[in-house]
file start.cif (mmCIF, C-alpha atoms)
data_final
loop_
_atom_site.label_atom_id
_atom_site.label_comp_id
_atom_site.auth_asym_id
_atom_site.auth_seq_id
_atom_site.Cartn_x
_atom_site.Cartn_y
_atom_site.Cartn_z
CA MET A 1 60.04 83.36 -54.41
CA SER A 2 56.80 85.15 -53.50
CA SER A 3 56.84 88.41 -51.61
CA PRO A 4 54.88 88.68 -48.33
CA SER A 5 52.22 90.72 -50.05
CA SER A 6 51.72 88.16 -52.80
CA SER A 7 51.53 85.34 -50.27
CA THR A 8 48.84 87.20 -48.38
CA SER A 9 46.99 87.83 -51.60
CA ALA A 10 47.11 84.15 -52.46
CA SER A 11 45.79 83.23 -49.06
CA LYS A 12 42.85 85.56 -49.37
CA THR A 13 42.10 84.45 -52.88
CA SER A 14 42.14 80.74 -52.10
CA GLY A 15 40.27 80.81 -48.82
CA GLY A 16 36.70 81.14 -47.58
CA LYS A 17 33.29 80.67 -49.12
CA THR A 18 34.04 82.86 -52.14
CA TRP A 19 36.80 80.52 -53.30
CA ILE A 20 34.63 77.44 -52.73
CA ILE A 21 31.72 78.90 -54.71
CA ALA A 22 34.04 79.96 -57.55
CA PHE A 23 35.68 76.53 -57.67
CA ALA A 24 32.28 74.77 -57.70
CA LEU A 25 30.86 76.96 -60.47
CA VAL A 26 33.90 76.61 -62.71
CA THR A 27 34.13 72.86 -62.03
CA LEU A 28 30.53 72.52 -63.26
CA LEU A 29 31.74 73.88 -66.60
CA PHE A 30 34.46 71.21 -66.72
CA PHE A 31 31.74 68.54 -66.48
CA ILE A 32 29.60 70.13 -69.21
CA TRP A 33 32.29 70.48 -71.87
CA GLY A 34 33.63 67.00 -71.06
CA LEU A 35 30.14 65.67 -71.73
CA ALA A 36 29.81 67.60 -75.00
CA MET A 37 33.29 66.73 -76.31
CA ASN A 38 32.97 62.99 -75.78
CA LEU A 39 29.42 62.85 -77.12
CA VAL A 40 30.72 64.23 -80.44
CA SER A 41 32.92 61.14 -80.86
CA ALA A 42 30.10 58.88 -79.66
CA ILE A 43 27.44 60.10 -82.13
CA ARG A 44 29.78 60.03 -85.13
CA ASP A 45 28.96 56.44 -86.14
CA PRO A 46 25.15 56.74 -85.73
CA PHE A 47 25.17 59.90 -87.85
CA ALA A 48 27.18 58.09 -90.51
CA VAL A 49 24.57 55.30 -90.61
CA TYR A 50 21.44 57.45 -90.59
CA LEU A 51 22.70 60.09 -93.04
CA ASN A 52 24.61 57.65 -95.27
CA LEU A 53 28.00 59.30 -94.77
CA ASN A 54 31.34 57.89 -95.84
CA SER A 55 34.35 57.79 -93.47
CA THR A 56 35.70 61.14 -94.64
CA GLU A 57 32.34 62.87 -94.23
CA SER A 58 31.74 61.41 -90.76
CA SER A 59 35.24 62.44 -89.63
CA LEU A 60 34.30 66.07 -90.36
CA LEU A 61 32.30 66.01 -87.13
CA GLN A 62 35.51 65.77 -85.10
CA VAL A 63 37.36 68.11 -87.44
CA ALA A 64 34.66 70.77 -86.98
CA TYR A 65 34.67 70.34 -83.21
CA PHE A 66 38.41 70.23 -82.53
CA GLY A 67 39.17 72.70 -85.30
CA ALA A 68 37.13 75.30 -83.43
CA TYR A 69 39.62 75.10 -80.56
CA PHE A 70 42.39 76.26 -82.87
CA VAL A 71 40.24 79.11 -84.18
CA MET A 72 38.90 80.34 -80.84
CA ALA A 73 41.84 79.99 -78.43
CA ILE A 74 43.51 83.35 -79.06
CA PRO A 75 40.25 85.39 -79.36
CA ALA A 76 39.10 83.85 -76.06
CA THR A 77 42.32 85.00 -74.41
CA MET A 78 41.90 88.51 -75.85
CA VAL A 79 38.47 88.63 -74.19
CA ALA A 80 40.02 87.41 -70.92
CA LYS A 81 42.76 90.06 -71.01
CA ARG A 82 40.14 92.77 -71.54
CA PHE A 83 37.34 91.53 -69.28
CA GLY A 84 39.03 88.96 -67.05
CA TYR A 85 38.57 85.19 -66.80
CA LYS A 86 34.90 85.67 -65.93
CA GLY A 87 34.33 87.59 -69.17
CA GLY A 88 35.95 84.76 -71.13
CA MET A 89 33.75 82.18 -69.42
CA ILE A 90 30.59 84.18 -70.13
CA CYS A 91 31.66 84.47 -73.80
CA GLY A 92 32.09 80.70 -73.93
CA LEU A 93 28.69 80.05 -72.39
CA ILE A 94 27.00 82.34 -74.93
CA PHE A 95 28.52 80.41 -77.85
CA PHE A 96 27.64 77.10 -76.18
CA VAL A 97 23.97 78.08 -75.78
CA ILE A 98 23.68 79.37 -79.35
CA GLY A 99 25.26 76.20 -80.73
CA ALA A 100 23.00 73.95 -78.67
CA PHE A 101 19.87 75.61 -80.06
CA LEU A 102 21.27 75.52 -83.62
CA THR A 103 20.90 71.74 -83.46
CA ILE A 104 17.11 72.20 -83.57
CA PRO A 105 16.92 73.23 -87.26
CA ALA A 106 19.86 70.91 -88.09
CA THR A 107 18.21 67.74 -86.78
CA THR A 108 14.73 68.77 -87.99
CA SER A 109 15.90 69.29 -91.58
CA LEU A 110 18.40 66.37 -91.41
CA SER A 111 21.09 68.80 -92.58
CA TYR A 112 24.53 67.43 -91.79
CA GLY A 113 26.17 70.68 -92.86
CA LEU A 114 24.07 72.69 -90.42
CA PHE A 115 24.76 70.16 -87.67
CA LEU A 116 28.50 70.51 -88.33
CA PHE A 117 28.11 74.28 -87.98
CA ALA A 118 26.19 73.81 -84.72
CA MET A 119 29.00 71.60 -83.36
CA PHE A 120 31.55 74.19 -84.49
CA VAL A 121 29.72 76.93 -82.56
CA ILE A 122 29.42 74.70 -79.48
CA ALA A 123 33.14 74.00 -79.73
CA LEU A 124 33.87 77.74 -79.96
CA GLY A 125 32.15 77.96 -76.60
CA ALA A 126 34.00 74.95 -75.21
CA ALA A 127 37.33 76.38 -76.43
CA SER A 128 36.62 79.70 -74.71
CA LEU A 129 35.75 77.85 -71.51
CA GLU A 130 38.93 75.75 -71.68
CA ALA A 131 41.11 78.78 -72.44
CA ASN A 132 39.77 80.49 -69.32
CA CYS A 133 38.70 77.81 -66.83
CA ASN A 134 41.94 75.83 -66.98
CA PRO A 135 44.32 78.72 -66.18
CA TYR A 136 41.82 80.23 -63.73
CA ILE A 137 41.69 77.07 -61.62
CA THR A 138 45.44 76.52 -62.04
CA LYS A 139 46.39 79.99 -60.82
CA LEU A 140 43.71 80.39 -58.13
CA GLY A 141 46.14 79.87 -55.23
CA ASP A 142 49.78 78.99 -54.56
CA GLU A 143 52.07 77.50 -57.23
CA LYS A 144 52.64 74.25 -55.34
CA GLY A 145 48.97 73.29 -55.63
CA GLU A 146 48.50 74.14 -59.33
CA SER A 147 48.47 70.57 -60.67
CA PHE A 148 46.32 69.40 -57.75
CA ARG A 149 43.64 72.05 -58.35
CA LEU A 150 43.50 71.54 -62.10
CA ASN A 151 43.44 67.74 -61.90
CA LEU A 152 40.69 67.90 -59.27
CA ALA A 153 38.55 70.05 -61.57
CA GLN A 154 39.49 67.88 -64.56
CA SER A 155 38.21 64.85 -62.63
CA PHE A 156 34.69 66.17 -63.16
CA ASN A 157 35.48 66.63 -66.84
CA ALA A 158 36.20 62.88 -66.85
CA VAL A 159 32.83 62.23 -65.18
CA GLY A 160 31.28 63.95 -68.21
CA SER A 161 33.10 61.48 -70.47
CA VAL A 162 31.60 58.60 -68.46
CA VAL A 163 28.09 59.99 -68.73
CA SER A 164 28.24 60.60 -72.51
CA PRO A 165 28.08 56.88 -73.51
CA LEU A 166 25.09 56.48 -71.18
CA ILE A 167 23.36 59.41 -72.86
CA LEU A 168 24.17 57.91 -76.28
CA GLY A 169 22.44 54.70 -75.15
CA MET A 170 19.37 56.73 -74.20
CA ILE A 171 19.43 58.57 -77.54
CA LEU A 172 19.74 55.37 -79.55
CA GLY A 173 17.18 53.50 -77.46
CA ASN A 174 16.24 50.27 -79.20
CA THR A 175 17.50 51.44 -82.60
CA ALA A 176 21.22 50.72 -82.04
CA SER A 177 21.17 47.59 -84.20
CA VAL A 178 19.04 49.04 -87.02
CA LYS A 179 20.89 49.29 -90.33
CA ARG A 180 20.16 50.97 -93.65
CA GLY A 181 17.61 48.89 -95.57
CA ASP A 182 16.16 47.25 -92.44
CA PRO A 183 12.42 47.60 -91.76
CA GLY A 184 11.81 50.62 -89.57
CA PHE A 185 15.06 52.35 -90.58
CA ASP A 186 13.35 55.67 -91.38
CA GLU A 187 11.44 55.60 -88.09
CA ALA A 188 14.68 54.86 -86.22
CA LYS A 189 16.40 57.78 -87.96
CA ILE A 190 13.63 60.19 -86.99
CA ALA A 191 13.70 58.89 -83.41
CA PHE A 192 17.48 59.30 -83.21
CA MET A 193 17.37 62.86 -84.53
CA GLY A 194 14.51 63.71 -82.17
CA GLN A 195 16.37 62.40 -79.11
CA THR A 196 19.56 64.17 -80.17
CA ARG A 197 17.61 67.40 -80.59
CA MET A 198 16.00 67.02 -77.15
CA PHE A 199 19.37 66.41 -75.48
CA TYR A 200 20.86 69.61 -76.89
CA ILE A 201 17.73 71.60 -76.03
CA VAL A 202 18.09 70.49 -72.40
CA ILE A 203 21.81 71.38 -72.47
CA GLY A 204 20.98 74.79 -73.95
CA ILE A 205 18.39 75.55 -71.25
CA ILE A 206 20.71 74.43 -68.44
CA LEU A 207 23.59 76.50 -69.78
CA ALA A 208 21.33 79.55 -70.20
CA VAL A 209 20.62 79.31 -66.46
CA VAL A 210 24.33 78.81 -65.70
CA LEU A 211 25.10 81.85 -67.87
CA ALA A 212 22.73 83.97 -65.78
CA VAL A 213 24.43 82.75 -62.60
CA PHE A 214 27.88 83.66 -63.94
CA VAL A 215 26.74 87.12 -64.96
CA PHE A 216 25.82 87.95 -61.36
CA ALA A 217 28.37 85.79 -59.50
CA LYS A 218 31.51 87.39 -58.09
CA LEU A 219 34.60 85.34 -58.89
CA PRO A 220 37.85 86.05 -57.00
CA SER A 221 40.87 86.97 -59.11
CA PRO A 222 44.00 84.77 -59.09
CA PRO A 223 46.96 86.29 -57.14
CA GLY A 224 48.91 87.04 -60.32
CA ASP A 225 46.00 89.05 -61.72
CA GLU A 226 45.73 91.01 -58.46
CA GLU A 227 49.46 91.82 -58.52
CA GLU A 228 49.18 92.89 -62.15
CA ALA A 229 46.23 95.17 -61.40
CA ALA A 230 48.02 96.67 -58.40
CA SER A 231 51.17 97.43 -60.42
CA GLY A 232 49.17 98.88 -63.31
CA GLY A 233 50.63 96.51 -65.88
CA SER A 234 51.99 93.06 -66.60
CA ALA A 235 55.07 91.96 -64.65
CA GLN A 236 55.90 89.57 -67.51
CA ASP A 237 56.05 89.91 -71.27
CA SER A 238 52.76 88.28 -72.27
CA SER A 239 53.29 88.28 -76.03
CA ILE A 240 53.20 85.02 -77.97
CA GLY A 241 56.76 85.64 -79.14
CA ALA A 242 58.01 85.92 -75.56
CA LEU A 243 56.32 82.65 -74.57
CA LEU A 244 57.72 80.86 -77.61
CA ARG A 245 61.17 81.64 -76.20
CA LYS A 246 60.33 79.63 -73.07
CA PRO A 247 61.20 75.96 -73.80
CA TRP A 248 58.94 74.45 -71.12
CA VAL A 249 55.93 76.29 -72.56
CA VAL A 250 56.63 75.25 -76.18
CA LEU A 251 57.26 71.63 -75.17
CA GLY A 252 54.07 71.70 -73.09
CA VAL A 253 52.05 72.83 -76.12
CA ILE A 254 53.57 70.01 -78.21
CA ALA A 255 52.96 67.46 -75.43
CA GLU A 256 49.31 68.52 -75.12
CA PHE A 257 48.88 68.28 -78.91
CA VAL A 258 50.25 64.73 -78.84
CA TYR A 259 48.28 63.66 -75.78
CA VAL A 260 44.89 64.93 -77.01
CA GLY A 261 45.48 63.15 -80.32
CA LEU A 262 46.27 59.88 -78.52
CA GLN A 263 43.24 60.20 -76.25
CA THR A 264 40.94 60.83 -79.22
CA ILE A 265 42.37 57.88 -81.18
CA GLY A 266 41.62 55.56 -78.27
CA PHE A 267 38.07 56.75 -77.68
CA SER A 268 37.17 56.55 -81.38
CA THR A 269 38.79 53.17 -82.19
CA PHE A 270 38.23 51.12 -79.03
CA SER A 271 34.86 49.63 -79.97
CA THR A 272 36.07 48.42 -83.37
CA PHE A 273 39.31 47.06 -81.86
CA ALA A 274 37.42 45.22 -79.11
CA GLN A 275 35.13 43.50 -81.62
CA GLN A 276 38.16 42.45 -83.68
CA GLN A 277 40.07 41.01 -80.74
CA TRP A 278 37.25 39.54 -78.61
CA GLU A 279 35.59 36.84 -80.66
CA GLY A 280 31.81 37.06 -80.66
CA MET A 281 31.64 40.52 -79.05
CA SER A 282 28.62 42.50 -80.27
CA ALA A 283 28.48 46.24 -80.89
CA GLY A 284 26.31 46.63 -77.80
CA THR A 285 28.83 44.81 -75.59
CA ALA A 286 31.65 46.88 -77.09
CA ALA A 287 29.72 50.04 -76.13
CA THR A 288 29.44 48.73 -72.56
CA PHE A 289 33.19 48.10 -72.48
CA LEU A 290 33.74 51.64 -73.78
CA ALA A 291 31.74 52.92 -70.80
CA ILE A 292 34.06 50.91 -68.52
CA LEU A 293 37.06 52.48 -70.27
CA THR A 294 35.73 55.99 -69.63
CA LEU A 295 35.02 54.99 -66.02
CA MET A 296 38.67 53.94 -65.63
CA PHE A 297 39.60 57.35 -67.03
CA ALA A 298 37.54 59.11 -64.34
CA ILE A 299 38.75 56.83 -61.54
CA GLY A 300 42.36 57.49 -62.55
CA ARG A 301 41.90 61.22 -62.03
CA PHE A 302 40.09 60.93 -58.70
CA VAL A 303 42.55 58.37 -57.30
CA THR A 304 45.72 60.13 -58.44
CA THR A 305 44.89 63.79 -57.79
CA PRO A 306 45.53 63.66 -53.99
CA PHE A 307 49.14 62.55 -54.67
CA MET A 308 49.76 65.81 -56.56
CA THR A 309 50.25 67.56 -53.20
CA LYS A 310 52.90 65.05 -52.05
CA PHE A 311 54.97 64.34 -55.18
CA HIS A 312 56.14 66.44 -58.11
CA PRO A 313 53.42 66.27 -60.79
CA GLY A 314 56.01 65.69 -63.52
CA LYS A 315 57.29 62.55 -61.80
CA ILE A 316 53.78 61.18 -61.36
CA LEU A 317 53.05 61.90 -65.02
CA GLY A 318 56.30 60.21 -66.06
CA VAL A 319 55.53 57.03 -64.11
CA TYR A 320 52.01 56.94 -65.52
CA MET A 321 53.26 57.42 -69.10
CA ILE A 322 55.69 54.52 -68.64
CA GLY A 323 52.72 52.41 -67.53
CA ALA A 324 50.72 53.65 -70.54
CA THR A 325 53.57 52.77 -72.93
CA ILE A 326 53.76 49.21 -71.59
CA LEU A 327 50.00 48.80 -71.89
CA VAL A 328 49.79 50.15 -75.43
CA ILE A 329 52.54 47.71 -76.48
CA LEU A 330 50.55 44.81 -74.99
CA THR A 331 47.47 46.12 -76.78
CA ALA A 332 49.27 46.41 -80.12
CA MET A 333 50.49 42.82 -79.82
CA GLY A 334 46.92 41.64 -80.56
CA LEU A 335 46.55 39.21 -77.65
CA GLY A 336 42.79 38.85 -78.02
CA LYS A 337 40.85 39.42 -74.80
CA VAL A 338 44.05 40.39 -72.97
CA SER A 339 44.62 43.28 -75.38
CA VAL A 340 41.05 44.53 -74.87
CA ILE A 341 41.66 44.56 -71.11
CA THR A 342 45.02 46.34 -71.47
CA PHE A 343 43.35 48.91 -73.75
CA ILE A 344 40.84 49.65 -70.97
CA ALA A 345 43.57 49.81 -68.30
CA LEU A 346 45.56 52.19 -70.52
CA TYR A 347 43.05 54.95 -69.83
CA PHE A 348 43.64 54.81 -66.07
CA PHE A 349 47.24 55.88 -66.74
CA MET A 350 46.27 58.44 -69.39
CA SER A 351 43.75 60.10 -67.08
CA ILE A 352 45.95 62.77 -65.46
CA ALA A 353 47.97 63.74 -68.52
CA TYR A 354 45.89 66.62 -69.85
CA GLY A 355 45.58 68.59 -66.61
CA THR A 356 49.15 67.88 -65.51
CA ILE A 357 50.69 68.94 -68.82
CA PHE A 358 48.55 72.10 -68.79
CA ALA A 359 49.74 73.06 -65.30
CA LEU A 360 53.40 72.22 -66.01
CA ALA A 361 53.36 74.34 -69.18
CA LEU A 362 52.02 77.34 -67.21
CA SER A 363 54.73 77.11 -64.52
CA GLN A 364 56.01 80.55 -63.46
CA LEU A 365 53.51 82.35 -65.71
CA LYS A 366 51.23 84.92 -64.09
CA GLY A 367 48.54 87.40 -65.10
CA ALA A 368 48.36 88.16 -68.82
CA ALA A 369 51.25 85.79 -69.55
CA ALA A 370 49.28 82.89 -68.06
CA LYS A 371 46.29 83.82 -70.24
CA THR A 372 48.42 83.85 -73.40
CA GLY A 373 50.06 80.57 -72.42
CA ALA A 374 46.64 79.00 -71.85
CA SER A 375 45.52 80.09 -75.32
CA LEU A 376 48.54 78.37 -76.92
CA ILE A 377 47.83 75.16 -75.02
CA THR A 378 44.14 75.32 -75.91
CA MET A 379 45.07 75.67 -79.58
CA SER A 380 47.03 72.43 -79.27
CA ILE A 381 43.74 70.56 -78.73
CA VAL A 382 43.50 70.59 -82.53
CA GLY A 383 45.67 67.49 -82.15
CA GLY A 384 42.38 65.71 -81.55
CA ALA A 385 41.53 66.38 -85.20
CA ILE A 386 44.92 66.09 -86.92
CA ILE A 387 46.53 63.04 -85.27
CA PRO A 388 43.46 60.76 -85.68
CA LEU A 389 43.35 61.66 -89.39
CA ILE A 390 47.01 60.68 -89.83
CA TYR A 391 46.64 57.51 -87.83
CA GLY A 392 43.40 56.71 -89.65
CA ALA A 393 45.43 56.57 -92.86
CA ILE A 394 47.90 54.24 -91.13
CA THR A 395 44.98 52.02 -90.07
CA ASP A 396 43.65 51.90 -93.64
CA ALA A 397 47.11 50.95 -94.94
CA GLY A 398 48.25 48.42 -92.33
CA GLY A 399 45.43 47.66 -89.93
CA MET A 400 44.66 48.71 -86.37
CA ASN A 401 47.50 46.80 -84.72
CA VAL A 402 50.07 48.57 -86.90
CA MET A 403 48.45 51.88 -86.02
CA LEU A 404 48.75 51.10 -82.30
CA TRP A 405 52.44 50.22 -82.69
CA CYS A 406 52.93 53.62 -84.32
CA THR A 407 51.58 55.36 -81.20
CA VAL A 408 54.44 54.01 -79.06
CA PRO A 409 56.93 56.78 -80.05
CA LEU A 410 54.34 59.39 -79.06
CA PHE A 411 53.91 57.80 -75.63
CA LEU A 412 57.71 57.71 -75.22
CA PHE A 413 57.84 61.43 -76.05
CA LEU A 414 55.38 62.06 -73.21
CA VAL A 415 57.62 60.03 -70.86
CA TRP A 416 60.57 62.24 -71.83
CA TYR A 417 58.53 65.42 -71.46
CA ALA A 418 57.27 64.44 -68.00
CA PHE A 419 60.70 63.67 -66.54
CA TRP A 420 62.89 66.17 -68.40
CA GLY A 421 61.15 68.32 -71.03
CA CYS A 422 58.86 70.17 -68.62
CA LYS A 423 61.90 71.48 -66.68
CA ILE A 424 63.92 72.88 -69.59
CA GLY A 425 64.45 76.61 -69.15
CA LEU A 426 62.72 76.90 -65.76
CA LYS A 427 65.86 77.54 -63.71
CA GLU A 428 67.08 80.26 -66.07
CA ALA A 429 63.64 81.94 -65.90
CA ALA A 430 63.37 81.78 -62.10
#
call {"tool": "encode", "arguments": {"input": "start.cif", "output": "structure tokens"}}
result
Amino acid sequence: MSSPSSSTSASKTSGGKTWIIAFALVTLLFFIWGLAMNLVSAIRDPFAVYLNLNSTESSLLQVAYFGAYFVMAIPATMVAKRFGYKGGMICGLIFFVIGAFLTIPATTSLSYGLFLFAMFVIALGAASLEANCNPYITKLGDEKGESFRLNLAQSFNAVGSVVSPLILGMILGNTASVKRGDPGFDEAKIAFMGQTRMFYIVIGIILAVVLAVFVFAKLPSPPGDEEEAASGGSAQDSSIGALLRKPWVVLGVIAEFVYVGLQTIGFSTFSTFAQQQWEGMSAGTAATFLAILTLMFAIGRFVTTPFMTKFHPGKILGVYMIGATILVILTAMGLGKVSVITFIALYFFMSIAYGTIFALALSQLKGAAAKTGASLITMSIVGGAIIPLIYGAITDAGGMNVMLWCTVPLFLFLVWYAFWGCKIGLKEAA
């Protein structure tokens, strides 16, 4: 239970124009890294075509991006502990800008290795932003509203995922159907690389401006950070070892690892699955359906977030994961057009999982402990690289429907976590 002084602190922190400006600035970052993350998956296939890459080589794009999260999570938290959440965000923006401009020599020289490095640097920035923005928004106010605040900010991250397929369409232009050996292939390749380069130049310029704003902006500190500063030290043991002794934190890290892997599998396999199940569907139509899927993802977050203030977030997550499990079973059954539709609907129910799991895993953590916890959860995003590789092997061995059946146990684990796993150890720690 909060003391009167901490309640007052929370009220001051979460009220007035300062809080609104801070929330708006940080939410802008959610949109930007959502855009960048989903574009990585979207440009994988075009890069494979234009640079003549095999499946293993093209998958390195996602490995480089999501692998950076594992590498950067703890260093980002060390920066945050020394310089605060704002310092961690500025660090992330610096990496993001450098990575964006590294795409200029990469796309000019048609160097896939250099482009992988550019994506890795961008992802270092995105990881630093996630490791700081997520706990900052979560802890910027009272505990009851943690899931609401994070899911609201994450809704704009989902908007970024909707915009990325549209940007891919602009980058590809009229070259989407051009294949190796076709007339005009070389011209299409140069055009694709040029448009990709221009997109990242624009992103780099925009983020350089945002970086300048963050340098001079004053961001309020979360209540737990204020209490920690006032007491001259951490009220909780913030070491990794201490957090690994908290079951709800460990299970939250595992749940996030599983969820991010499932989300990535869906985004990267939907187009192929849709063309297999919907007779006569072209690649262009499949891309349009993918945009609808990402729209459902965004709508799910915006529609559900208001309920976070009325019902326990874990219960909402549990109900949604039951819905997701039913839909993935219908999808795996291979019912033609019906399975394509259920695949799209699946992402409405998956929409709130990331933000809700993040907030549940940080329950009762404050100050430096919350920063360390956030770094562990951010590291779990490497699931977006590892799980798709494993399930890719399953697809090669048994086909896409078998792979989808194999995701059912993972969805059931998320159901268990939402209803029961997220509460283990909380009462003893209270």
call {"tool": "resolve_selection", "arguments": {"input": "start.cif", "expression": "the PyMOL selection byres ((chain A and resi 391-408) around 9)", "output": "list of chain:residue names"}}
result
A:Leu262, A:Ile265, A:Thr269, A:Phe273, A:Thr325, A:Ile326, A:Val328, A:Ile329, A:Thr331, A:Ala332, A:Met333, A:Gly334, A:Ile386, A:Ile387, A:Pro388, A:Leu389, A:Ile390, A:Pro409, A:Leu410, A:Phe411, A:Leu412, A:Phe413
call {"tool": "axis_aligned_box", "arguments": {"input": "start.cif", "around": "stretch 345-364 of chain A", "padding_each_side": "3 Å", "output": "JSON"}}
result
{"center_x": 49.5, "center_y": 65.2, "center_z": -67.0, "size_x": 19.0, "size_y": 36.7, "size_z": 13.1}
call {"tool": "atom_distance", "arguments": {"input": "start.cif", "atom1": "atom CA of A:Val319", "atom2": "atom CA of A:Ile137"}}
result
24.5 Å
call {"tool": "residues_around", "arguments": {"input": "start.cif", "residues": "A:Ala208", "least_positions_apart": "4", "cutoff": "10 Å", "atoms": "only C-alpha atoms", "output": "JSON, numbers by chain"}}
result
{"A": [93, 94, 96, 97, 98, 202, 203, 204, 212, 213, 214]}
call {"tool": "closest_residue", "arguments": {"input": "start.cif", "among": "A:Arg149, A:Lys337, A:Lys144, A:Arg301", "to": "A:Val26", "atoms": "only C-alpha atoms"}}
result
A:Arg149
call {"tool": "residues_around", "arguments": {"input": "start.cif", "residues": "A:Leu51", "least_positions_apart": "4", "cutoff": "9 Å", "atoms": "all atoms listed in the file", "output": "MDAnalysis selection string"}}
result
chainID A and resid 46:47 110:112 189
call {"tool": "closest_residue", "arguments": {"input": "start.cif", "among": "A:Gly252, A:Gly84, A:Gly384, A:Gly67", "to": "A:Phe120", "atoms": "all atoms listed in the file"}}
result
A:Gly67
call {"tool": "atom_distance", "arguments": {"input": "start.cif", "atom1": "atom CA of A:Ile43", "atom2": "atom CA of A:Glu279"}}
result
24.7 Å
call {"tool": "closest_residue", "arguments": {"input": "start.cif", "among": "A:Ile322, A:Ile341, A:Cys91, A:Ala123", "to": "A:Ile292", "atoms": "all atoms listed in the file"}}
result
A:Ile341
call {"tool": "resolve_selection", "arguments": {"input": "start.cif", "expression": "the PyMOL selection byres ((chain A and resi 23) around 10)", "output": "PyMOL selection string"}}
result
chain A and resi 14+17-22+24-28+133+136-137+140+149+153+219-220
call {"tool": "resolve_selection", "arguments": {"input": "start.cif", "expression": "the PyMOL selection byres ((chain A and resi 57) around 12)", "output": "VMD selection string"}}
result
chain A and resid 44 to 45 47 to 49 51 to 56 58 to 64 112 to 113 116
call {"tool": "closest_residue", "arguments": {"input": "start.cif", "among": "A:Gly125, A:Gly266, A:Gly261, A:Gly373", "to": "A:Ala100", "atoms": "all atoms listed in the file"}}
result
A:Gly125
call {"tool": "residues_near_point", "arguments": {"input": "start.cif", "point": "(51.2, 71.0, -67.9)", "cutoff": "12 Å", "atoms": "only C-alpha atoms", "output": "VMD selection string"}}
result
chain A and resid 134 to 135 138 146 to 148 150 to 151 248 to 257 259 312 to 314 317 352 to 365 373 to 374 376 to 378 414 417 to 418 421 to 423
call {"tool": "write_last_selection", "arguments": {"input": "start.cif", "atoms": "C-alpha atoms", "output": "CSV table (one decimal), in the coordinates of the input"}}
result
chain,number,residue,atom,x,y,z
A,134,ASN,CA,41.9,75.8,-67.0
A,135,PRO,CA,44.3,78.7,-66.2
A,138,THR,CA,45.4,76.5,-62.0
A,146,GLU,CA,48.5,74.1,-59.3
A,147,SER,CA,48.5,70.6,-60.7
A,148,PHE,CA,46.3,69.4,-57.8
A,150,LEU,CA,43.5,71.5,-62.1
A,151,ASN,CA,43.4,67.7,-61.9
A,248,TRP,CA,58.9,74.4,-71.1
A,249,VAL,CA,55.9,76.3,-72.6
A,250,VAL,CA,56.6,75.2,-76.2
A,251,LEU,CA,57.3,71.6,-75.2
A,252,GLY,CA,54.1,71.7,-73.1
A,253,VAL,CA,52.0,72.8,-76.1
A,254,ILE,CA,53.6,70.0,-78.2
A,255,ALA,CA,53.0,67.5,-75.4
A,256,GLU,CA,49.3,68.5,-75.1
A,257,PHE,CA,48.9,68.3,-78.9
A,259,TYR,CA,48.3,63.7,-75.8
A,312,HIS,CA,56.1,66.4,-58.1
A,313,PRO,CA,53.4,66.3,-60.8
A,314,GLY,CA,56.0,65.7,-63.5
A,317,LEU,CA,53.0,61.9,-65.0
A,352,ILE,CA,46.0,62.8,-65.5
A,353,ALA,CA,48.0,63.7,-68.5
A,354,TYR,CA,45.9,66.6,-69.8
A,355,GLY,CA,45.6,68.6,-66.6
A,356,THR,CA,49.2,67.9,-65.5
A,357,ILE,CA,50.7,68.9,-68.8
A,358,PHE,CA,48.6,72.1,-68.8
A,359,ALA,CA,49.7,73.1,-65.3
A,360,LEU,CA,53.4,72.2,-66.0
A,361,ALA,CA,53.4,74.3,-69.2
A,362,LEU,CA,52.0,77.3,-67.2
A,363,SER,CA,54.7,77.1,-64.5
A,364,GLN,CA,56.0,80.6,-63.5
A,365,LEU,CA,53.5,82.4,-65.7
A,373,GLY,CA,50.1,80.6,-72.4
A,374,ALA,CA,46.6,79.0,-71.8
A,376,LEU,CA,48.5,78.4,-76.9
A,377,ILE,CA,47.8,75.2,-75.0
A,378,THR,CA,44.1,75.3,-75.9
A,414,LEU,CA,55.4,62.1,-73.2
A,417,TYR,CA,58.5,65.4,-71.5
A,418,ALA,CA,57.3,64.4,-68.0
A,421,GLY,CA,61.2,68.3,-71.0
A,422,CYS,CA,58.9,70.2,-68.6
A,423,LYS,CA,61.9,71.5,-66.7
call {"tool": "closest_residue", "arguments": {"input": "start.cif", "among": "A:Gly145, A:Leu330, A:Met198, A:Gly425", "to": "A:Thr309", "atoms": "all atoms listed in the file"}}
result
A:Gly145
call {"tool": "atom_distance", "arguments": {"input": "start.cif", "atom1": "atom CA of A:Thr285", "atom2": "atom CA of A:Tyr65"}}
result
27.3 Å
